[in-house]
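Below is one structure, written out as structure tokens, with a few remarks after it.
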Amino acid sequence: MLLLLLNLYLANEPGRNGSQVYYPTILWRFVQVDTLFETTMHISDELIQLLRQARRVVVLTGAGISAESGIPTFRQAQTGLWAQYDPEELATRAAFRRNPRLVWEWYAWRRQLVQQAAPNPGHLALAQWERLVPGFTLITQNVDGLHRQAGSQRVIELHGNIRRVKCFDHDHPAESWSEAETPPRCVQCGSFLRPDVVWFGESLPAVGLHQAVTAVRNADVLLSIGTSALVQPAASLPLEAKSRRVPIVEINPQPTPLTSAFNFVLAGPAGEVLPAIVQRIHLNTVS
Ligand SMILES: [Zn+2]
């Protein structure tokens with residue numbers, strides 16, 4: 001019900017903050033919201049013109065684009081044997097100290113889900129767009145590595161990568177490991193290996209965060225794709241861009257708490273919106 005009230009509010013004030021918000025007024029009728037968003041998406045010529053001219057493009061992606069590849073979100077992964085555990089009690093240093101085997105096995109299960117997935121047309125379109133633009137920075141909150149798998153080169157993984165491991169005591173990276181012991185041990189220091197992801201209570205990688213903020217501040221345009229706009233500090237990056245008069249674009253099937261702040265809102269799945277955008281930019285570039 002809360003979501004519906006938010007939709008009504010946005011639909012009723014389409015011009016707020018100069019935004020172009022394409023929410024149909026039919027929302028007043030309380031019809032199925034998701035279907036409507038997908039079928040009424042419109043990509044304006046003004047937006048394509050802006051994106052075509054942008055030399056420094058920053059893209060921020062979140063769980064939504066991974067979900068389109070069938071990767072369950074953090075909480076959705078809690079099925080079967082894992083349903084009894086709260087993910088926030090598995091993804092901490094304290095949890096690993098308490099029961100390293102349990103935490104390692106939870107990540108092994110999630111790593112398996114990721115390895116079974118493949119990049120979707122949204123990932124592939126971003127990799128294609130990067131090849132068209134001199135300054136293209138992709139900042140992701142996702143840990144599945146699908147952007148690199150799709151061919152993206154300049155990727156800042158703010159929350160790490162579940163396919164990599166490092167040791168618990170000294171962050172020594174490990175390329176491979178033996179499954180003889182669970183968790184395996186670091187060959188350099190003997191401490192347990194753990195996934196190279198950012199756990200609750202841990203800092204984001206300083207270098208990556210600095211690169212992300214610098215890219216946002218110097219951007220010609222920023223796109224926020226499939227993020228809930230709830231997790232900090234990634235959620236604040238669009239607002240940082242906006243404070244510097246950088247146009248900001250949201251692509252998400254559902255509205256987020258930040259939707260009304262965006263200059264352009266495309267209410268659809270990344271796998272449909274991004275190929276359409278890149279095709280139109282590309283057509284304009286080569287003609
Ligand atoms: Zn080590």
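Letters A, B, ... mark the chains of the structure tokens in the order given; residue numbers begin at 1 per chain; ligand numbers begin at 1, in order shown.
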
Shell of 6 Å around ligand 1 (only C-alpha atoms and all ligand atoms), written as a ChimeraX atom specification: /A:167,170,172,186,188-189,191

- prompt: Could you pull the residues within 7 Å of Gly160 of chain A, counting only C-alpha atoms, minus those fewer than 2 positions along the same chain, as a list of chain:residue names?
  reply: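 In the requested format, the answer is A:Val143, A:Glu157, A:Leu158, A:Ile162, A:Asp196, A:Val197, A:Val198.
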
Since we have the selection now, will you write its residues out, keeping C-alpha atoms, as a PDB file, in the first residue's frame?
```pdb
ATOM      1  CA  VAL A 143      29.240  -8.904  -6.327  1.00  0.00           C
ATOM      2  CA  GLU A 157      33.020  -3.132  -7.637  1.00  0.00           C
ATOM      3  CA  LEU A 158      32.054  -1.199  -4.509  1.00  0.00           C
ATOM      4  CA  ILE A 162      31.946 -13.145  -4.601  1.00  0.00           C
ATOM      5  CA  ASP A 196      36.308 -10.915  -1.077  1.00  0.00           C
ATOM      6  CA  VAL A 197      33.062  -9.037  -0.447  1.00  0.00           C
ATOM      7  CA  VAL A 198      32.224  -6.169   1.866  1.00  0.00           C
TER       8      VAL A 198
END
```

task: Name all residues at most 10 Å from segment 62-67 of chain A (count only C-alpha atoms; drop same-chain ones fewer than 3 positions away) and give them as a count of residues only.
output: 37

message: Using DSSP assignments from the backbone, pull out every residue in segment 183-240 of chain A that falls under strand (DSSP E) and give it to me as a ChimeraX atom specification.
response: /A:193-197,221-225

query: Restricting the calculation to only C-alpha atoms, which member of A:Val213, A:Leu90, A:Ala108, A:Val165 is positioned closest to Leu138 of chain A?
result: A:Val213

- prompt: Can you tell me, as a PyMOL selection string, what residues are no more than 8 Å from segment 274-283 of chain A when counting only C-alpha atoms, ignoring any on the same chain fewer than 3 positions away?
  reply: chain A and resi 43+48-49+51-52+121-122+125-126+128-129+132+270-271+286-287

Between atom CA of Phe192 of chain A and atom CA of Lys166 of chain A, distance in Å (one decimal):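 Interatomic distance here is 8.6 Å.
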
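Note that the spacing between atom CA of Ala215 of chain A and atom CA of Ala267 of chain A amounts to 25.0 Å.
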
query: Mind pulling up the distance from atom CA of Phe136 of chain A to atom CA of Arg56 of chain A?
result: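 Going from atom CA of Arg56 of chain A over to atom CA of Phe136 of chain A covers 5.7 Å.
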
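Shortest separation to Trp104 of chain A among A:Thr182, A:Ser203, A:Thr256, A:Ser44 occurs at residue A:Thr182, atoms counted being only C-alpha atoms.
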
- request: Step one, run DSSP on the backbone; step two, keep only residues of segment 183-273 of chain A assigned to helix (DSSP H, G or I); then write them as a ChimeraX atom specification.
  value: /A:206-217,234-243,259-261,270-273
